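Reproduced below: start-v4.cif, with mmCIF, C-alpha atoms.
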data_my_file
#
loop_
_atom_site.label_atom_id
_atom_site.label_comp_id
_atom_site.auth_asym_id
_atom_site.auth_seq_id
_atom_site.Cartn_x
_atom_site.Cartn_y
_atom_site.Cartn_z
CA MET Z 1 101.50 78.05 88.57
CA THR Z 2 104.63 79.03 90.48
CA ARG Z 3 105.21 78.56 94.18
CA LEU Z 4 105.03 82.32 94.70
CA ALA Z 5 101.79 82.49 92.73
CA ASP Z 6 100.30 79.93 95.10
CA ALA Z 7 101.48 82.01 98.07
CA ALA Z 8 100.01 85.12 96.47
CA GLY Z 9 96.64 83.41 96.19
CA VAL Z 10 96.64 82.57 99.89
CA ALA Z 11 97.78 86.07 100.86
CA LEU Z 12 95.18 87.75 98.65
CA ALA Z 13 92.37 85.64 100.07
CA ALA Z 14 93.51 86.50 103.60
CA ALA Z 15 93.80 90.20 102.77
CA ARG Z 16 90.32 90.27 101.25
CA GLU Z 17 88.89 88.57 104.33
CA ALA Z 18 90.67 91.06 106.59
CA SER Z 19 89.43 93.92 104.42
CA GLU Z 20 85.84 92.83 104.97
CA LEU Z 21 86.47 92.85 108.70
CA VAL Z 22 88.04 96.31 108.49
CA MET Z 23 85.08 97.68 106.57
CA ARG Z 24 82.60 96.31 109.11
CA VAL Z 25 84.40 98.31 111.81
CA TYR Z 26 84.66 101.33 109.51
CA ALA Z 27 80.91 101.37 108.91
CA LYS Z 28 80.07 102.08 112.56
CA PRO Z 29 81.38 104.40 115.26
CA PHE Z 30 84.62 103.02 116.70
CA GLN Z 31 87.01 103.92 119.49
CA VAL Z 32 90.51 105.21 118.86
CA GLU Z 33 93.43 104.48 121.18
CA TYR Z 34 97.03 105.67 120.92
CA LYS Z 35 100.14 103.51 121.10
CA GLY Z 36 102.25 106.66 121.23
CA HIS Z 37 102.19 110.27 120.11
CA ASP Z 38 100.20 110.56 116.87
CA ASP Z 39 100.12 106.77 116.55
CA PRO Z 40 96.47 105.69 116.61
CA VAL Z 41 95.21 102.12 116.76
CA THR Z 42 91.69 100.73 116.51
CA ARG Z 43 89.87 97.45 116.85
CA ALA Z 44 90.17 97.06 113.09
CA ASP Z 45 93.99 97.09 113.30
CA ARG Z 46 94.09 94.45 116.00
CA GLU Z 47 91.40 92.13 114.65
CA SER Z 48 92.82 92.30 111.12
CA ASN Z 49 96.27 91.48 112.54
CA THR Z 50 94.92 88.43 114.37
CA LEU Z 51 93.09 87.15 111.30
CA LEU Z 52 96.02 87.61 108.91
CA CYS Z 53 98.54 86.00 111.23
CA ALA Z 54 96.24 83.02 111.76
CA ARG Z 55 95.70 82.49 108.03
CA LEU Z 56 99.39 82.80 107.16
CA ALA Z 57 100.56 80.63 110.05
CA HIS Z 58 98.12 77.90 109.04
CA ALA Z 59 99.15 77.95 105.37
CA PHE Z 60 102.88 78.45 105.94
CA PRO Z 61 103.84 76.89 109.28
CA GLY Z 62 107.24 77.91 110.54
CA VAL Z 63 107.55 81.06 108.42
CA PRO Z 64 107.93 84.09 110.72
CA ILE Z 65 105.25 86.77 110.53
CA VAL Z 66 106.50 90.27 111.29
CA ALA Z 67 103.20 92.06 111.90
CA GLU Z 68 102.56 95.54 113.24
CA GLU Z 69 100.12 94.64 116.02
CA SER Z 70 101.88 91.43 117.10
CA ASP Z 71 104.11 91.12 120.15
CA PRO Z 72 107.70 91.50 118.83
CA LYS Z 73 108.61 88.38 120.79
CA THR Z 74 106.58 86.33 118.30
CA TYR Z 75 108.96 87.22 115.46
CA ALA Z 76 112.19 87.87 117.38
CA ASP Z 77 114.21 85.40 115.28
CA PHE Z 78 112.81 86.33 111.85
CA ALA Z 79 116.22 87.46 110.55
CA ARG Z 80 117.52 83.90 110.84
CA ALA Z 81 114.79 82.48 108.61
CA ASP Z 82 115.07 81.99 104.85
CA ALA Z 83 111.77 83.84 104.37
CA ALA Z 84 109.45 86.04 106.40
CA TRP Z 85 106.05 87.64 106.01
CA PHE Z 86 105.70 91.37 106.70
CA VAL Z 87 102.13 92.35 107.56
CA ASP Z 88 100.49 95.72 108.01
CA PRO Z 89 96.91 94.87 108.98
CA LEU Z 90 95.68 98.43 108.45
CA ASP Z 91 98.11 100.75 106.72
CA GLY Z 92 96.90 104.32 107.05
CA THR Z 93 95.19 104.17 110.43
CA ARG Z 94 95.17 107.99 110.57
CA GLU Z 95 93.15 107.97 107.34
CA PHE Z 96 90.90 105.24 108.68
CA VAL Z 97 90.19 107.42 111.72
CA ALA Z 98 89.62 110.45 109.46
CA CYS Z 99 87.22 108.31 107.38
CA ASN Z 100 88.72 109.44 104.07
CA GLY Z 101 89.05 105.93 102.59
CA GLU Z 102 92.83 106.03 102.13
CA PHE Z 103 93.89 102.87 103.94
CA ALA Z 104 94.97 99.38 102.96
CA VAL Z 105 95.61 95.84 104.12
CA MET Z 106 99.16 94.85 103.19
CA ILE Z 107 100.98 91.51 103.07
CA GLY Z 108 104.54 91.19 101.82
CA LEU Z 109 106.91 88.24 101.57
CA ALA Z 110 110.69 88.57 101.69
CA GLU Z 111 113.19 85.87 100.80
CA ALA Z 112 116.96 86.13 101.25
CA ALA Z 113 116.49 89.71 102.51
CA HIS Z 114 114.60 90.83 99.37
CA ALA Z 115 110.91 91.61 98.83
CA VAL Z 116 109.50 89.06 96.37
CA LEU Z 117 105.73 89.18 96.77
CA GLY Z 118 103.27 91.93 97.59
CA VAL Z 119 99.52 92.02 98.14
CA ILE Z 120 97.78 95.34 98.76
CA VAL Z 121 94.02 95.57 99.16
CA ALA Z 122 92.31 98.97 99.40
CA PRO Z 123 88.93 98.15 100.99
CA ALA Z 124 87.27 101.55 100.59
CA TRP Z 125 88.47 101.78 96.97
CA ASN Z 126 87.35 98.21 96.28
CA ARG Z 127 90.68 97.54 94.59
CA ALA Z 128 93.27 94.81 95.05
CA PHE Z 129 96.82 94.52 93.72
CA VAL Z 130 99.29 91.63 93.54
CA GLY Z 131 102.92 91.74 92.50
CA ILE Z 132 105.42 88.89 92.12
CA VAL Z 133 108.93 90.12 91.39
CA GLY Z 134 110.17 88.71 88.11
CA GLU Z 135 106.71 87.54 87.08
CA GLY Z 136 104.47 90.59 86.92
CA ALA Z 137 101.92 92.75 88.69
CA TRP Z 138 98.16 92.84 88.39
CA GLU Z 139 95.02 94.48 89.64
CA VAL Z 140 92.71 91.66 90.65
CA ALA Z 141 88.93 92.04 90.41
CA ALA Z 142 86.48 90.52 92.89
CA ASP Z 143 85.77 87.68 90.44
CA GLY Z 144 89.47 86.80 90.29
CA SER Z 145 90.14 88.21 86.85
CA ARG Z 146 93.51 89.94 86.52
CA ALA Z 147 94.54 93.02 84.56
CA PRO Z 148 98.29 93.61 84.19
CA ILE Z 149 99.60 96.87 85.64
CA ARG Z 150 102.75 98.74 84.70
CA VAL Z 151 104.63 101.80 85.89
CA SER Z 152 104.63 104.96 83.78
CA SER Z 153 107.11 105.61 80.97
CA ARG Z 154 108.03 109.21 81.91
CA SER Z 155 111.79 109.69 81.60
CA SER Z 156 112.19 113.27 82.87
CA LEU Z 157 111.49 114.99 86.17
CA ALA Z 158 109.94 117.89 84.29
CA GLY Z 159 106.24 117.75 85.05
CA ALA Z 160 106.55 114.41 86.85
CA SER Z 161 103.64 113.39 89.07
CA LEU Z 162 104.81 112.69 92.64
CA ALA Z 163 102.84 111.27 95.54
CA VAL Z 164 103.77 112.29 99.07
CA SER Z 165 102.47 111.52 102.54
CA ARG Z 166 99.31 113.29 103.63
CA SER Z 167 100.49 113.43 107.25
CA ARG Z 168 104.31 113.35 107.12
CA THR Z 169 105.40 115.69 104.32
CA SER Z 170 107.98 118.23 105.50
CA ALA Z 171 108.60 121.71 104.18
CA ALA Z 172 112.06 120.53 103.09
CA LEU Z 173 110.57 117.76 100.96
CA ALA Z 174 108.04 120.13 99.42
CA ALA Z 175 110.88 122.50 98.53
CA ALA Z 176 112.95 119.66 97.07
CA VAL Z 177 110.05 118.53 94.89
CA GLN Z 178 109.56 122.07 93.63
CA ALA Z 179 113.28 122.32 92.81
CA MET Z 180 113.05 119.11 90.78
CA GLY Z 181 110.72 120.77 88.32
CA ALA Z 182 108.06 118.17 89.00
CA ALA Z 183 104.38 118.99 89.14
CA PRO Z 184 103.01 120.06 92.55
CA PRO Z 185 102.96 116.84 94.63
CA THR Z 186 99.74 115.05 95.48
CA ALA Z 187 99.19 114.02 99.10
CA HIS Z 188 97.77 110.58 99.83
CA GLY Z 189 97.41 108.45 102.93
CA SER Z 190 98.84 104.91 103.24
CA SER Z 191 102.27 104.03 101.91
CA GLY Z 192 100.74 100.97 100.25
CA LEU Z 193 98.23 103.02 98.28
CA LYS Z 194 100.93 105.44 97.14
CA ALA Z 195 103.01 102.48 95.96
CA ALA Z 196 100.00 101.05 94.14
CA LEU Z 197 99.47 104.37 92.38
CA VAL Z 198 103.09 104.23 91.19
CA ALA Z 199 102.73 100.59 90.13
CA THR Z 200 99.66 101.41 88.04
CA GLY Z 201 101.27 104.46 86.43
CA ALA Z 202 98.88 106.92 88.06
CA HIS Z 203 101.93 108.63 89.61
CA ASP Z 204 105.53 108.57 88.42
CA ALA Z 205 106.98 108.39 91.94
CA TYR Z 206 106.28 108.25 95.65
CA VAL Z 207 108.78 110.04 97.88
CA GLN Z 208 109.11 110.06 101.65
CA SER Z 209 112.36 111.72 102.66
CA GLY Z 210 112.11 111.32 106.43
CA PRO Z 211 111.39 108.24 108.55
CA ALA Z 212 108.89 106.12 106.63
CA GLY Z 213 107.43 103.64 109.05
CA MET Z 214 108.59 100.07 109.40
CA ARG Z 215 109.43 97.16 107.13
CA TRP Z 216 105.75 96.10 107.13
CA ASP Z 217 105.04 99.47 105.48
CA ALA Z 218 107.57 98.68 102.75
CA CYS Z 219 107.73 94.99 101.85
CA SER Z 220 104.47 94.60 99.95
CA SER Z 221 104.90 98.06 98.43
CA GLU Z 222 108.39 97.29 97.19
CA ALA Z 223 107.40 93.95 95.69
CA LEU Z 224 104.44 95.49 93.86
CA VAL Z 225 106.45 98.38 92.41
CA LEU Z 226 109.35 96.14 91.36
CA ALA Z 227 106.97 93.61 89.80
CA ALA Z 228 105.35 96.42 87.82
CA GLY Z 229 108.74 97.45 86.40
CA GLY Z 230 109.69 100.20 88.81
CA ALA Z 231 112.43 100.87 91.37
CA PHE Z 232 112.29 101.05 95.16
CA THR Z 233 115.04 102.17 97.56
CA ASP Z 234 115.69 104.40 100.52
CA VAL Z 235 116.54 108.08 99.88
CA ASP Z 236 120.23 107.21 99.56
CA GLY Z 237 119.48 104.80 96.74
CA ALA Z 238 120.20 101.74 98.89
CA SER Z 239 118.09 98.59 98.82
CA LEU Z 240 116.07 97.68 101.89
CA ASP Z 241 117.37 94.71 103.86
CA TYR Z 242 114.55 92.51 105.14
CA LYS Z 243 116.92 90.48 107.26
CA ALA Z 244 118.03 93.50 109.27
CA THR Z 245 116.97 93.26 112.90
CA ASP Z 246 116.26 97.01 112.89
CA ILE Z 247 112.98 97.15 110.97
CA VAL Z 248 112.59 100.95 110.93
CA ASN Z 249 112.66 102.62 107.50
CA ALA Z 250 114.82 105.36 108.98
CA ARG Z 251 116.20 106.66 105.67
CA GLY Z 252 112.88 107.18 103.95
CA LEU Z 253 111.47 105.54 100.85
CA VAL Z 254 111.57 106.32 97.15
CA ALA Z 255 109.37 104.35 94.74
CA THR Z 256 109.47 105.31 91.06
CA ASN Z 257 108.90 104.10 87.54
CA GLY Z 258 112.63 103.42 87.41
CA HIS Z 259 113.37 105.92 84.64
CA ILE Z 260 113.50 108.92 86.99
CA HIS Z 261 114.77 107.13 90.08
CA ARG Z 262 118.38 108.27 89.95
CA ALA Z 263 117.35 111.84 89.20
CA ILE Z 264 115.08 111.93 92.25
CA ILE Z 265 117.77 110.46 94.50
CA GLU Z 266 120.25 113.07 93.30
CA ALA Z 267 117.72 115.86 93.76
CA LEU Z 268 117.01 114.77 97.31
CA ARG Z 269 120.72 114.86 98.08
CA GLY Z 270 120.61 118.54 97.18
#

Please go through the file and, once you have read it, give me the structure as structure tokens.
Amino acid sequence: MTRLADAAGVALAAAREASELVMRVYAKPFQVEYKGHDDPVTRADRESNTLLCARLAHAFPGVPIVAEESDPKTYADFARADAAWFVDPLDGTREFVACNGEFAVMIGLAEAAHAVLGVIVAPAWNRAFVGIVGEGAWEVAADGSRAPIRVSSRSSLAGASLAVSRSRTSAALAAAVQAMGAAPPTAHGSSGLKAALVATGAHDAYVQSGPAGMRWDACSSEALVLAAGGAFTDVDGASLDYKATDIVNARGLVATNGHIHRAIIEALRG
């Protein structure tokens, strides 16, 4: 077993534990607060964040944890470290609030500025995914058994299946997708779930042309898609830098099966 496989086991166990917590909150009426305009947060976000950070800090002392609900002061020097965890304790809070089941617990690990490990657990779907770049990607059942996952083999944009954001899809993106000759896009919540759908071959690509959250929305997603044989960049075709002190995904995200990646980037450029 590799070192990253050991880390994946710890991260998956933590994500499953956090998912159980999230579902306990989900099962009963809960309060919704707002950190900013259209930026909801719930007790599930905060309690999941606390649990995940505690588990990772205990297992990997000294490794920075860049987590959405943590005080930024706790990870202020992450860019100086050789490795860092990127944690979204509840990706898709809008969907959680809407009670449509499209949310996930996400843990990613970056080394030398690159995503290398991703764990995405979809509590309401009862599905869990693990990807280790260079080693493979799997869907992991509750009993621990693993089934390999792989991106699709489609090589043309014609009829391609694209996933887009349920809450952040612009008219310009919809028009660009139509111009590509792809099938009408399917809207989903949670960037992690859209990435998982690409990694499993259920969709050929996930495209978000505008601002696409933060690095904790991307790290686990990128690792899973890459591990499953796909490609993951911003809309300019540039790799994400996980050592950058600016952790906003300002130039969008494009996750594909790899075969149609360049074509989508070129189409988005107009």

Original post:
So how many Å separate atom CA of Phe30 of chain Z and atom CA of Leu193 of chain Z, to one decimal?
Top reply: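 Here the two named atoms are 22.9 Å from each other.
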
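Using all atoms listed in the file for every distance, the candidate list Z:Leu12, Z:Cys53, Z:Ala212, Z:Ile264 yields Z:Leu12 as the residue closest to Glu139 of chain Z.
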
Subject >> Selection dump of the PyMOL selection byres ((chain Z and resi 160) around 10), as a list in words >> reply: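 Residues picked by the PyMOL selection byres ((chain Z and resi 160) around 10): Arg154, Ser155, Ser156, Leu157, Ala158, Gly159, Ser161, Leu162, Ala163, Val177, Met180, Gly181, Ala182, Ala183, Pro184, Pro185, His203, Asp204, Ala205 and Ile260 of chain Z.
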
Original post:
So what do you get for atom CA of Gly118 of chain Z versus atom CA of Tyr206 of chain Z, distance-wise?
Top reply: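 So the two atoms, atom CA of Gly118 of chain Z and atom CA of Tyr206 of chain Z, lie 16.7 Å apart.
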
Original post:
Which residues come within 9 Å of segment 64-68 of chain Z, counting only C-alpha atoms, excluding same-chain residues fewer than 5 positions away, as a PyMOL selection string?
Top reply: chain Z and resi 45-46+49+52-53+56-57+74-79+81+83-90+214-216

Subject >> Matched chain/residue IDs from the PyMOL selection byres ((chain Z and resi 242) around 8), as a list in words >> reply: Ala79, Ala110, Ala112, Ala113, His114, Ala115, Arg215, Cys219, Leu240, Asp241, Lys243, Ala244 and Ile247 of chain Z

Enumerate, as an mmCIF file with C-alpha atoms, keeping the file's coordinate frame, the residues matched when the PyMOL selection byres ((chain Z and resi 18) around 10) is run on the file above.
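Produced file result33.cif, reproduced below:
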data_model
loop_
_atom_site.group_PDB
_atom_site.id
_atom_site.type_symbol
_atom_site.label_atom_id
_atom_site.label_comp_id
_atom_site.auth_asym_id
_atom_site.auth_seq_id
_atom_site.Cartn_x
_atom_site.Cartn_y
_atom_site.Cartn_z
ATOM 1 C CA LEU Z 12 95.180 87.750 98.650
ATOM 2 C CA ALA Z 13 92.370 85.640 100.070
ATOM 3 C CA ALA Z 14 93.510 86.500 103.600
ATOM 4 C CA ALA Z 15 93.800 90.200 102.770
ATOM 5 C CA ARG Z 16 90.320 90.270 101.250
ATOM 6 C CA GLU Z 17 88.890 88.570 104.330
ATOM 7 C CA SER Z 19 89.430 93.920 104.420
ATOM 8 C CA GLU Z 20 85.840 92.830 104.970
ATOM 9 C CA LEU Z 21 86.470 92.850 108.700
ATOM 10 C CA VAL Z 22 88.040 96.310 108.490
ATOM 11 C CA MET Z 23 85.080 97.680 106.570
ATOM 12 C CA ARG Z 24 82.600 96.310 109.110
ATOM 13 C CA ALA Z 44 90.170 97.060 113.090
ATOM 14 C CA ASP Z 45 93.990 97.090 113.300
ATOM 15 C CA GLU Z 47 91.400 92.130 114.650
ATOM 16 C CA SER Z 48 92.820 92.300 111.120
ATOM 17 C CA ASN Z 49 96.270 91.480 112.540
ATOM 18 C CA THR Z 50 94.920 88.430 114.370
ATOM 19 C CA LEU Z 51 93.090 87.150 111.300
ATOM 20 C CA LEU Z 52 96.020 87.610 108.910
ATOM 21 C CA PRO Z 89 96.910 94.870 108.980
ATOM 22 C CA LEU Z 90 95.680 98.430 108.450
ATOM 23 C CA VAL Z 105 95.610 95.840 104.120
ATOM 24 C CA MET Z 106 99.160 94.850 103.190
ATOM 25 C CA VAL Z 121 94.020 95.570 99.160
ATOM 26 C CA PRO Z 123 88.930 98.150 100.990
#

**OP:** Excluding Ala187 of chain Z and residues on its chain fewer than 6 positions from it, collect all residues at most 10 Å away from it, counting all atoms listed in the file, and give them as a PyMOL selection string.
**Re:** chain Z and resi 162-169+194+206

**OP:** Have a look at atom CA of Val133 of chain Z and atom CA of Ala223 of chain Z and let me know their distance in Å, one decimal.
**Re:** 6.0 Å

Original post:
Nearest to Cys99 of chain Z: which of Z:Phe129, Z:Ala27, Z:Ala7, Z:Gly210 is it, counting only C-alpha atoms?
Top reply: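 Among the listed residues, Z:Ala27 lies closest to Cys99 of chain Z.
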
Original post:
Nearest to Phe60 of chain Z: which of Z:Ile265, Z:Val10, Z:Ser190, Z:Gln31 is it, counting all atoms listed in the file?
Top reply: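 Among the listed residues, Z:Val10 lies closest to Phe60 of chain Z.
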
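Nearest residue to Asp39 of chain Z among Z:His58, Z:Arg94, Z:Arg3, Z:Arg80 is Z:Arg94, counting all atoms listed in the file.
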
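Of the residues listed (Z:Ala141, Z:Ala179, Z:Leu253, Z:Ala128), Z:Ala128 shows the shortest atom-to-atom separation from Leu197 of chain Z; distances use only C-alpha atoms.
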
Would you mind putting N, CA, C and O atoms back on segment 235-248 of chain Z and writing the result as a short mmCIF file (atom, residue, chain, number, x, y, z; two decimals), in the frame of the given file?
data_model
loop_
_atom_site.label_atom_id
_atom_site.label_comp_id
_atom_site.auth_asym_id
_atom_site.auth_seq_id
_atom_site.Cartn_x
_atom_site.Cartn_y
_atom_site.Cartn_z
N VAL Z 235 116.21 106.81 100.53
CA VAL Z 235 116.54 108.08 99.88
C VAL Z 235 118.01 108.17 99.48
O VAL Z 235 118.39 109.06 98.71
N ASP Z 236 118.83 107.26 99.97
CA ASP Z 236 120.23 107.21 99.56
C ASP Z 236 120.45 106.32 98.35
O ASP Z 236 121.57 106.17 97.87
N GLY Z 237 119.37 105.71 97.88
CA GLY Z 237 119.48 104.80 96.74
C GLY Z 237 119.85 103.39 97.12
O GLY Z 237 120.13 102.56 96.25
N ALA Z 238 119.84 103.07 98.42
CA ALA Z 238 120.20 101.74 98.89
C ALA Z 238 118.97 100.84 98.98
O ALA Z 238 117.87 101.29 99.31
N SER Z 239 119.17 99.57 98.70
CA SER Z 239 118.09 98.59 98.82
C SER Z 239 117.73 98.36 100.28
O SER Z 239 118.59 98.48 101.17
N LEU Z 240 116.48 98.02 100.53
CA LEU Z 240 116.07 97.68 101.89
C LEU Z 240 116.46 96.25 102.20
O LEU Z 240 116.36 95.37 101.34
N ASP Z 241 116.92 96.03 103.42
CA ASP Z 241 117.37 94.71 103.86
C ASP Z 241 116.31 94.13 104.80
O ASP Z 241 116.14 94.60 105.92
N TYR Z 242 115.62 93.09 104.34
CA TYR Z 242 114.55 92.51 105.14
C TYR Z 242 115.04 91.44 106.11
O TYR Z 242 114.24 90.78 106.76
N LYS Z 243 116.35 91.31 106.22
CA LYS Z 243 116.92 90.48 107.26
C LYS Z 243 117.53 91.31 108.38
O LYS Z 243 118.02 90.78 109.37
N ALA Z 244 117.50 92.62 108.23
CA ALA Z 244 118.03 93.50 109.27
C ALA Z 244 117.14 93.43 110.51
O ALA Z 244 115.91 93.43 110.41
N THR Z 245 117.76 93.34 111.66
CA THR Z 245 116.97 93.26 112.90
C THR Z 245 116.32 94.60 113.23
O THR Z 245 115.31 94.65 113.93
N ASP Z 246 116.89 95.70 112.75
CA ASP Z 246 116.26 97.01 112.89
C ASP Z 246 115.28 97.16 111.74
O ASP Z 246 115.68 97.28 110.57
N ILE Z 247 113.99 97.16 112.03
CA ILE Z 247 112.98 97.15 110.97
C ILE Z 247 112.39 98.53 110.69
O ILE Z 247 111.38 98.65 110.00
N VAL Z 248 113.04 99.58 111.19
CA VAL Z 248 112.59 100.95 110.93
C VAL Z 248 113.11 101.41 109.57
O VAL Z 248 114.28 101.23 109.25
#
